[in-house]
>>> print(open('model33.tsv').read())   # TSV, C-alpha atoms
chain	number	residue	atom	x	y	z
C	8	MET	CA	45.06	42.98	16.38
C	9	ALA	CA	42.05	42.15	14.21
C	10	GLY	CA	39.86	42.96	17.21
C	11	ILE	CA	41.30	46.48	17.47
C	12	VAL	CA	40.76	47.05	13.75
C	13	PHE	CA	37.20	45.73	13.97
C	14	TYR	CA	36.24	47.94	16.90
C	15	PHE	CA	37.93	50.98	15.33
C	16	PHE	CA	35.84	50.63	12.18
C	17	ALA	CA	32.73	49.76	14.18
C	18	VAL	CA	33.03	52.99	16.16
C	19	ALA	CA	33.71	54.91	12.93
C	20	ALA	CA	30.60	53.38	11.34
C	21	VAL	CA	28.33	54.24	14.27
C	22	LEU	CA	29.76	57.78	14.49
C	23	GLY	CA	29.20	58.29	10.77
C	24	ALA	CA	25.63	56.99	11.00
C	25	VAL	CA	24.77	59.24	13.96
C	26	MET	CA	26.27	62.29	12.28
C	27	CYS	CA	24.42	61.41	9.05
C	28	VAL	CA	21.13	61.59	10.93
C	29	LEU	CA	22.00	64.73	12.89
C	30	GLN	CA	23.62	66.90	10.20
C	31	ARG	CA	21.39	69.61	8.79
C	32	SER	CA	22.93	69.91	5.34
C	33	PRO	CA	22.15	66.97	3.02
C	34	VAL	CA	25.68	67.13	1.57
C	35	ALA	CA	27.21	66.74	5.03
C	36	SER	CA	24.84	63.83	5.69
C	37	ALA	CA	25.96	62.16	2.48
C	38	MET	CA	29.63	62.61	3.43
C	39	TRP	CA	29.10	61.05	6.87
C	40	LEU	CA	27.16	58.21	5.27
C	41	MET	CA	30.13	57.70	2.96
C	42	SER	CA	32.43	57.28	5.96
C	43	THR	CA	30.00	54.72	7.41
C	44	MET	CA	29.99	52.78	4.16
C	45	PHE	CA	33.79	52.79	3.92
C	46	SER	CA	34.01	51.53	7.50
C	47	LEU	CA	31.50	48.78	6.70
C	48	ALA	CA	33.56	47.81	3.66
C	49	ALA	CA	36.59	47.38	5.93
C	50	ILE	CA	34.50	45.26	8.32
C	51	PHE	CA	33.31	43.09	5.40
C	52	VAL	CA	36.93	42.41	4.52
C	53	LEU	CA	37.62	41.46	8.15
C	54	LEU	CA	34.66	39.05	8.00
C	55	ASN	CA	36.21	37.21	5.01
C	56	ALA	CA	33.91	38.79	2.42
C	57	GLN	CA	36.56	40.57	0.39
C	58	LEU	CA	34.52	40.67	-2.83
C	59	ILE	CA	31.55	42.26	-1.07
C	60	GLY	CA	33.87	44.78	0.58
C	61	ILE	CA	35.08	45.92	-2.84
C	62	LEU	CA	31.53	45.92	-4.23
C	63	GLN	CA	30.42	47.99	-1.26
C	64	VAL	CA	32.93	50.69	-2.19
C	65	LEU	CA	32.14	50.46	-5.91
C	66	VAL	CA	28.34	50.26	-5.76
C	67	TYR	CA	27.35	52.11	-2.58
C	68	VAL	CA	30.00	54.80	-2.45
C	69	GLY	CA	30.80	54.98	-6.13
C	70	ALA	CA	27.28	54.81	-7.55
C	71	ILE	CA	24.48	55.27	-5.02
C	72	LEU	CA	26.01	58.08	-2.97
C	73	VAL	CA	27.06	59.85	-6.16
C	74	ILE	CA	23.41	59.76	-7.31
C	75	PHE	CA	22.42	61.25	-3.96
C	76	LEU	CA	24.96	64.06	-4.29
C	77	PHE	CA	23.84	64.62	-7.88
C	78	VAL	CA	20.21	65.03	-6.83
C	79	VAL	CA	21.17	67.34	-3.95
C	80	MET	CA	23.09	69.42	-6.47
C	81	LEU	CA	20.18	69.40	-8.97
C	82	LEU	CA	17.65	70.48	-6.34
C	83	ASN	CA	19.95	73.19	-4.92
C	84	LEU	CA	18.46	72.83	-1.43
C	85	GLY	CA	21.03	74.44	0.81
C	86	THR	CA	20.65	74.07	4.57
C	87	ALA	CA	17.11	73.90	5.86
C	88	ALA	CA	16.41	76.07	8.91
C	89	LYS	CA	14.30	73.43	10.65
C	90	ASP	CA	14.85	69.89	9.55
C	91	LEU	CA	13.86	67.72	12.50
C	92	ARG	CA	10.23	66.87	13.18
C	93	GLY	CA	8.25	68.22	16.13
C	94	PRO	CA	8.82	67.22	19.79
C	95	SER	CA	6.04	64.60	19.81
C	96	SER	CA	7.56	62.90	16.76
C	97	ILE	CA	11.00	63.00	18.39
C	98	ALA	CA	9.62	61.32	21.52
C	99	ALA	CA	7.92	58.65	19.38
C	100	ALA	CA	11.10	58.09	17.36
C	101	VAL	CA	13.23	57.71	20.51
C	102	ALA	CA	10.70	55.27	22.02
C	103	ILE	CA	10.41	53.16	18.85
C	104	SER	CA	14.13	53.02	18.16
C	105	GLY	CA	14.91	52.32	21.82
C	106	LEU	CA	12.56	49.37	21.77
C	107	LEU	CA	14.03	48.16	18.48
C	108	VAL	CA	17.64	48.36	19.65
C	109	ILE	CA	16.80	46.38	22.80
C	110	GLU	CA	15.20	43.66	20.70
C	111	LEU	CA	17.97	43.55	18.12
C	112	ILE	CA	20.86	43.78	20.57
C	113	ALA	CA	19.77	40.40	21.92
C	114	LEU	CA	21.44	39.04	18.79
C	115	TRP	CA	24.73	39.79	20.56
C	116	ARG	CA	24.19	36.57	22.46
C	117	TYR	CA	24.20	34.56	19.25
C	118	THR	CA	27.27	32.36	19.36
C	119	PRO	CA	28.78	30.11	16.68
C	120	ALA	CA	28.05	27.08	18.90
C	121	ARG	CA	24.33	27.88	19.11
C	122	LEU	CA	24.21	28.49	15.38
C	123	ALA	CA	25.96	25.18	14.70
C	124	ALA	CA	23.37	23.41	16.87
C	125	GLU	CA	20.57	25.06	14.89
C	126	ILE	CA	22.14	24.04	11.60
C	127	ALA	CA	22.42	20.46	12.85
C	128	GLN	CA	18.70	20.43	13.62
C	129	ALA	CA	17.71	22.00	10.29
C	130	PRO	CA	16.05	19.76	7.68
C	131	GLU	CA	18.23	18.08	5.07
C	132	ALA	CA	17.08	20.33	2.23
C	133	ALA	CA	18.05	23.51	4.09
C	134	ARG	CA	21.46	22.09	4.89
C	135	ALA	CA	22.05	21.19	1.26
C	136	MET	CA	20.99	24.71	0.24
C	137	PHE	CA	23.31	26.43	2.69
C	138	PRO	CA	26.51	24.44	2.96
C	139	GLY	CA	28.60	25.18	6.02
C	140	GLY	CA	31.22	27.87	6.28
C	141	ALA	CA	34.08	25.35	6.34
C	142	LEU	CA	33.15	24.28	2.78
C	143	ALA	CA	33.10	27.93	1.77
C	144	GLU	CA	36.56	28.47	3.20
C	145	GLN	CA	37.83	25.48	1.23
C	146	ALA	CA	36.23	26.87	-1.92
C	147	ALA	CA	37.84	30.27	-1.33
C	148	ALA	CA	41.21	28.59	-0.85
C	149	THR	CA	40.98	26.54	-4.05
C	150	GLN	CA	38.97	28.79	-6.38
C	151	GLY	CA	39.92	32.21	-5.09
C	152	VAL	CA	37.73	34.77	-3.34
C	153	VAL	CA	35.74	35.72	-6.45
C	154	GLY	CA	35.45	32.19	-7.78
C	155	ALA	CA	33.97	30.94	-4.51
C	156	VAL	CA	31.12	33.45	-4.82
C	157	ALA	CA	30.73	33.17	-8.58
C	158	GLY	CA	30.26	29.39	-8.59
C	159	PRO	CA	27.02	29.24	-6.56
C	160	MET	CA	25.79	32.50	-8.07
C	161	PHE	CA	25.78	31.10	-11.61
C	162	GLN	CA	24.60	27.63	-10.61
C	163	GLN	CA	22.26	27.60	-7.59
C	164	TYR	CA	21.25	31.22	-7.84
C	165	LEU	CA	21.16	31.59	-11.63
C	166	ILE	CA	17.44	32.37	-11.92
C	167	PRO	CA	17.41	35.04	-9.18
C	168	PHE	CA	20.49	36.51	-10.85
C	169	GLU	CA	18.69	36.72	-14.19
C	170	ILE	CA	15.58	38.20	-12.55
C	171	THR	CA	17.86	40.89	-11.11
C	172	SER	CA	18.57	42.08	-14.65
C	173	ILE	CA	14.84	42.53	-15.29
C	174	LEU	CA	14.56	44.47	-12.03
C	175	LEU	CA	17.41	46.75	-13.07
C	176	LEU	CA	15.86	47.30	-16.49
C	177	ALA	CA	12.52	48.19	-14.89
C	178	ALA	CA	14.25	50.60	-12.48
C	179	LEU	CA	16.15	52.18	-15.38
C	180	VAL	CA	13.01	52.74	-17.44
C	181	GLY	CA	11.08	53.91	-14.37
C	182	ALA	CA	13.74	56.42	-13.37
C	183	VAL	CA	13.93	57.87	-16.89
C	184	VAL	CA	10.14	58.15	-17.18
C	185	LEU	CA	9.73	59.71	-13.71
C	186	ALA	CA	12.52	62.21	-14.19
C	187	LYS	CA	11.22	63.38	-17.56
C	188	ARG	CA	9.83	66.87	-17.60
C	189	ARG	CA	6.63	65.97	-19.46
C	190	ILE	CA	5.30	62.43	-19.43
M	30	MET	CA	32.91	24.10	13.09
M	31	PRO	CA	34.28	27.11	11.19
M	32	GLU	CA	35.73	30.08	12.98
M	33	ALA	CA	33.51	33.15	13.30
M	34	PRO	CA	35.49	35.57	15.46
M	35	PHE	CA	33.23	38.62	15.23
M	36	LEU	CA	29.76	37.06	14.99
M	37	GLY	CA	28.28	38.62	18.13
M	38	PRO	CA	29.87	42.08	17.77
M	39	SER	CA	28.95	42.20	14.06
M	40	LEU	CA	25.32	41.45	14.83
M	41	ALA	CA	25.30	44.08	17.57
M	42	LEU	CA	26.83	46.65	15.21
M	43	SER	CA	24.25	45.70	12.60
M	44	ALA	CA	21.47	46.21	15.17
M	45	ILE	CA	22.82	49.62	16.21
M	46	LEU	CA	23.21	50.83	12.62
M	47	PHE	CA	19.71	49.59	11.70
M	48	THR	CA	18.22	51.40	14.68
M	49	ILE	CA	20.04	54.63	13.82
M	50	GLY	CA	18.58	54.29	10.33
M	51	VAL	CA	15.07	53.82	11.73
M	52	ALA	CA	15.52	56.82	14.03
M	53	GLY	CA	16.68	58.88	11.04
M	54	VAL	CA	13.63	57.89	9.00
M	55	LEU	CA	11.37	58.87	11.89
M	56	LEU	CA	13.19	62.09	12.75
M	57	ARG	CA	14.20	63.80	9.53
M	58	ARG	CA	11.92	65.84	7.32
M	59	ASN	CA	14.20	66.05	4.31
M	60	ALA	CA	13.21	63.34	1.81
M	61	ILE	CA	16.76	62.91	0.52
M	62	VAL	CA	18.23	62.35	4.00
M	63	LEU	CA	15.37	59.94	4.66
M	64	PHE	CA	16.49	57.96	1.63
M	65	MET	CA	20.06	57.95	2.94
M	66	CYS	CA	18.77	56.47	6.21
M	67	ILE	CA	17.03	53.71	4.23
M	68	GLU	CA	20.36	52.94	2.56
M	69	LEU	CA	21.92	52.82	6.03
M	70	MET	CA	19.34	50.24	7.11
M	71	LEU	CA	20.02	48.13	4.03
M	72	ASN	CA	23.73	48.31	4.82
M	73	ALA	CA	23.10	47.13	8.37
M	74	VAL	CA	21.19	44.13	7.04
M	75	ASN	CA	24.07	43.41	4.67
M	76	LEU	CA	26.40	43.31	7.65
M	77	ALA	CA	24.18	40.72	9.37
M	78	PHE	CA	24.15	38.63	6.17
M	79	ILE	CA	27.95	38.72	5.96
M	80	ALA	CA	28.34	37.89	9.65
M	81	PHE	CA	26.14	34.80	9.32
M	82	GLY	CA	27.80	34.01	6.00
M	83	GLN	CA	30.97	33.18	7.93
M	84	LEU	CA	29.16	30.10	9.22
M	85	HIS	CA	26.68	29.38	6.44
M	86	GLY	CA	29.00	29.72	3.46
M	87	VAL	CA	28.91	32.12	0.54
M	88	SER	CA	25.11	32.18	0.28
M	89	GLY	CA	25.11	35.18	2.60
M	90	GLN	CA	27.45	37.06	0.27
M	91	ILE	CA	25.23	36.27	-2.70
M	92	MET	CA	22.21	37.62	-0.81
M	93	VAL	CA	24.17	40.82	-0.13
M	94	PHE	CA	24.81	41.06	-3.86
M	95	PHE	CA	21.05	40.95	-4.50
M	96	VAL	CA	20.34	43.46	-1.71
M	97	MET	CA	22.85	45.83	-3.31
M	98	THR	CA	21.08	45.50	-6.66
M	99	VAL	CA	17.72	46.26	-5.07
M	100	ALA	CA	19.25	49.22	-3.20
M	101	ALA	CA	20.63	50.64	-6.44
M	102	ALA	CA	17.27	50.25	-8.21
M	103	GLU	CA	15.43	51.73	-5.25
M	104	ALA	CA	17.78	54.73	-5.06
M	105	ALA	CA	17.39	55.45	-8.77
M	106	VAL	CA	13.58	55.25	-8.78
M	107	GLY	CA	13.18	56.97	-5.41
M	108	LEU	CA	15.37	59.89	-6.32
M	109	ALA	CA	13.53	60.26	-9.63
M	110	ILE	CA	10.27	60.44	-7.66
M	111	ILE	CA	11.79	63.07	-5.35
M	112	LEU	CA	12.86	65.07	-8.42
M	113	ALA	CA	9.34	64.85	-9.87
M	114	ILE	CA	7.79	65.95	-6.56
M	115	PHE	CA	10.26	68.82	-6.29
M	116	ARG	CA	9.22	70.07	-9.73
M	117	HIS	CA	5.59	70.22	-8.62
M	118	ARG	CA	5.91	71.47	-5.05
M	119	GLN	CA	9.32	73.21	-4.98
M	120	THR	CA	10.15	71.40	-1.74
M	121	VAL	CA	11.41	68.05	-0.46
M	122	ASP	CA	10.21	68.71	3.08
M	123	LEU	CA	7.97	65.78	3.96
M	124	GLN	CA	5.89	68.00	6.25
M	125	ASN	CA	4.74	69.95	3.18
M	126	ILE	CA	4.14	66.93	0.94
M	127	ASN	CA	0.73	65.96	2.29
M	128	LEU	CA	-1.39	65.34	-0.78
M	129	LEU	CA	-2.25	61.78	0.28
M	130	ARG	CA	-2.56	62.58	3.99
M	131	GLY	CA	-6.10	62.20	5.30
>>> encode(input="model33.tsv", output="structure tokens")
Amino acid sequence: MAGIVFYFFAVAAVLGAVMCVLQRSPVASAMWLMSTMFSLAAIFVLLNAQLIGILQVLVYVGAILVIFLFVVMLLNLGTAAKDLRGPSSIAAAVAISGLLVIELIALWRYTPARLAAEIAQAPEAARAMFPGGALAEQAAATQGVVGAVAGPMFQQYLIPFEITSILLLAALVGAVVLAKRRI
Amino acid sequence: MPEAPFLGPSLALSAILFTIGVAGVLLRRNAIVLFMCIELMLNAVNLAFIAFGQLHGVSGQIMVFFVMTVAAAEAAVGLAIILAIFRHRQTVDLQNINLLRG
């Protein structure tokens, strides 16, 4: 049953991504991208990352795509007559992405057993940094889905988390300055 | 060993989505759609993080959280740059934005 749901959303995500690239109108592209992101949110929930699934809907669909639609509306672009690049660029793009997909699809052969073997060979420090998934499942069972993520985030990853706030502040100031009419 | 039922298929889906994003960046001339393709690539990487997170614990989910933050910051700044360019050149077609092209 879970397999059917997974493959349904996987096909929906790929379809949305392809249509996002092929649509001429930027608004249609944004809508197809939205369907991809919703499908990915469903897949995240299937992969036991419920919190990230919700954040995906809130942040990507609710915030980032809305900014995109806002900018499309501000620029009043309409549908461009010719939006794809020339034939030589298309050939290069097909060659590069074909090569890339062949390389990346080799990841299909990654199995949990092989990964477990690699973890077993990893140095002690790395293993302490990334405790196994079984521990995480225990944590989710005892502390709840959000608590299991929140614990490490505010302990092990506290400094990166704080640096994130500086990044967001810089982005905020940068966006305001860049979008101003006269600097 | 923890269960990871969709590890292989998730990684394959992540690879396909990332490649579609790359193809979009290479193919499209509209700067806004190009940005959407970059978001698609970031999403594909998030999927890989989550898939490995099934085995490695919640660290993968925390990384996804940081990637999302960076994506939000990047979208805000990038779209502001596109707005500024549009004010100067009246276009977002990358073929016409060639000030820095040799």
>>> interface_residues(input="model33.tsv", of="chain M", to="chain C", cutoff="7 Å", atoms="only C-alpha atoms", output="PyMOL selection string")
chain M and resi 30-31+33+36-38+40-42+44-46+48-49+51-53+55-59+62+79-80+83-88+90-91+101-102+104-106+109-110+112-113
>>> atom_distance(input="model33.tsv", atom1="CA of Gly50 in chain M", atom2="CA of Ala73 in chain M")
8.7 Å
>>> atom_distance(input="model33.tsv", atom1="CA of Val54 in chain M", atom2="CA of Met70 in chain M")
9.7 Å
>>> atom_distance(input="model33.tsv", atom1="CA of Val93 in chain M", atom2="CA of Phe78 in chain M")
6.7 Å
>>> closest_residue(input="model33.tsv", among="M:Ile61, M:Ile126, M:Asn75, M:Val121", to="Met97 in chain M", atoms="all atoms listed in the file")
M:Asn75
>>> closest_residue(input="model33.tsv", among="M:Asp122, M:Ser39, M:Glu68, M:Arg116", to="Phe16 in chain C", atoms="only C-alpha atoms")
M:Ser39
>>> residues_around(input="model33.tsv", residues="Leu71 in chain M", least_positions_apart="3", cutoff="8 Å", atoms="all atoms listed in the file", output="PyMOL selection string")
chain M and resi 47+67-68+74-75+96+100
>>> write_last_selection(input="model33.tsv", atoms="C-alpha atoms", output="PDB file, keeping the file's coordinate frame")
ATOM      1  CA  PHE M  47      19.710  49.590  11.700  1.00  0.00           C
ATOM      2  CA  ILE M  67      17.030  53.710   4.230  1.00  0.00           C
ATOM      3  CA  GLU M  68      20.360  52.940   2.560  1.00  0.00           C
ATOM      4  CA  VAL M  74      21.190  44.130   7.040  1.00  0.00           C
ATOM      5  CA  ASN M  75      24.070  43.410   4.670  1.00  0.00           C
ATOM      6  CA  VAL M  96      20.340  43.460  -1.710  1.00  0.00           C
ATOM      7  CA  ALA M 100      19.250  49.220  -3.200  1.00  0.00           C
TER       8      ALA M 100
END
>>> closest_residue(input="model33.tsv", among="M:Ala60, M:Ser43, M:Asn72, M:Phe35", to="Leu108 in chain M", atoms="all atoms listed in the file")
M:Ala60
>>> build_atoms(input="model33.tsv", residues="range 99-112 of chain M", atoms="N, CA and C atoms", output="PDB file, keeping the file's coordinate frame")
ATOM      1  N   VAL M  99      19.006  45.657  -5.399  1.00  0.00           N
ATOM      2  CA  VAL M  99      17.720  46.260  -5.070  1.00  0.00           C
ATOM      3  C   VAL M  99      17.930  47.676  -4.549  1.00  0.00           C
ATOM      4  N   ALA M 100      18.989  47.885  -3.741  1.00  0.00           N
ATOM      5  CA  ALA M 100      19.250  49.220  -3.200  1.00  0.00           C
ATOM      6  C   ALA M 100      19.540  50.197  -4.324  1.00  0.00           C
ATOM      7  N   ALA M 101      20.304  49.747  -5.323  1.00  0.00           N
ATOM      8  CA  ALA M 101      20.630  50.640  -6.440  1.00  0.00           C
ATOM      9  C   ALA M 101      19.357  50.999  -7.209  1.00  0.00           C
ATOM     10  N   ALA M 102      18.509  49.995  -7.473  1.00  0.00           N
ATOM     11  CA  ALA M 102      17.270  50.250  -8.210  1.00  0.00           C
ATOM     12  C   ALA M 102      16.369  51.188  -7.420  1.00  0.00           C
ATOM     13  N   GLU M 103      16.288  50.925  -6.105  1.00  0.00           N
ATOM     14  CA  GLU M 103      15.430  51.730  -5.250  1.00  0.00           C
ATOM     15  C   GLU M 103      15.916  53.176  -5.198  1.00  0.00           C
ATOM     16  N   ALA M 104      17.240  53.370  -5.107  1.00  0.00           N
ATOM     17  CA  ALA M 104      17.780  54.730  -5.060  1.00  0.00           C
ATOM     18  C   ALA M 104      17.465  55.471  -6.349  1.00  0.00           C
ATOM     19  N   ALA M 105      17.628  54.778  -7.486  1.00  0.00           N
ATOM     20  CA  ALA M 105      17.390  55.450  -8.770  1.00  0.00           C
ATOM     21  C   ALA M 105      15.927  55.870  -8.896  1.00  0.00           C
ATOM     22  N   VAL M 106      15.007  54.930  -8.630  1.00  0.00           N
ATOM     23  CA  VAL M 106      13.580  55.250  -8.780  1.00  0.00           C
ATOM     24  C   VAL M 106      13.141  56.259  -7.737  1.00  0.00           C
ATOM     25  N   GLY M 107      13.585  56.061  -6.479  1.00  0.00           N
ATOM     26  CA  GLY M 107      13.180  56.970  -5.410  1.00  0.00           C
ATOM     27  C   GLY M 107      13.640  58.384  -5.650  1.00  0.00           C
ATOM     28  N   LEU M 108      14.878  58.540  -6.082  1.00  0.00           N
ATOM     29  CA  LEU M 108      15.370  59.890  -6.320  1.00  0.00           C
ATOM     30  C   LEU M 108      14.673  60.525  -7.510  1.00  0.00           C
ATOM     31  N   ALA M 109      14.299  59.704  -8.508  1.00  0.00           N
ATOM     32  CA  ALA M 109      13.530  60.260  -9.630  1.00  0.00           C
ATOM     33  C   ALA M 109      12.171  60.747  -9.148  1.00  0.00           C
ATOM     34  N   ILE M 110      11.552  59.999  -8.213  1.00  0.00           N
ATOM     35  CA  ILE M 110      10.270  60.440  -7.660  1.00  0.00           C
ATOM     36  C   ILE M 110      10.447  61.748  -6.895  1.00  0.00           C
ATOM     37  N   ILE M 111      11.539  61.835  -6.103  1.00  0.00           N
ATOM     38  CA  ILE M 111      11.790  63.070  -5.350  1.00  0.00           C
ATOM     39  C   ILE M 111      11.955  64.245  -6.317  1.00  0.00           C
ATOM     40  N   LEU M 112      12.682  64.007  -7.413  1.00  0.00           N
ATOM     41  CA  LEU M 112      12.860  65.070  -8.420  1.00  0.00           C
ATOM     42  C   LEU M 112      11.514  65.510  -8.976  1.00  0.00           C
TER      43      LEU M 112
END
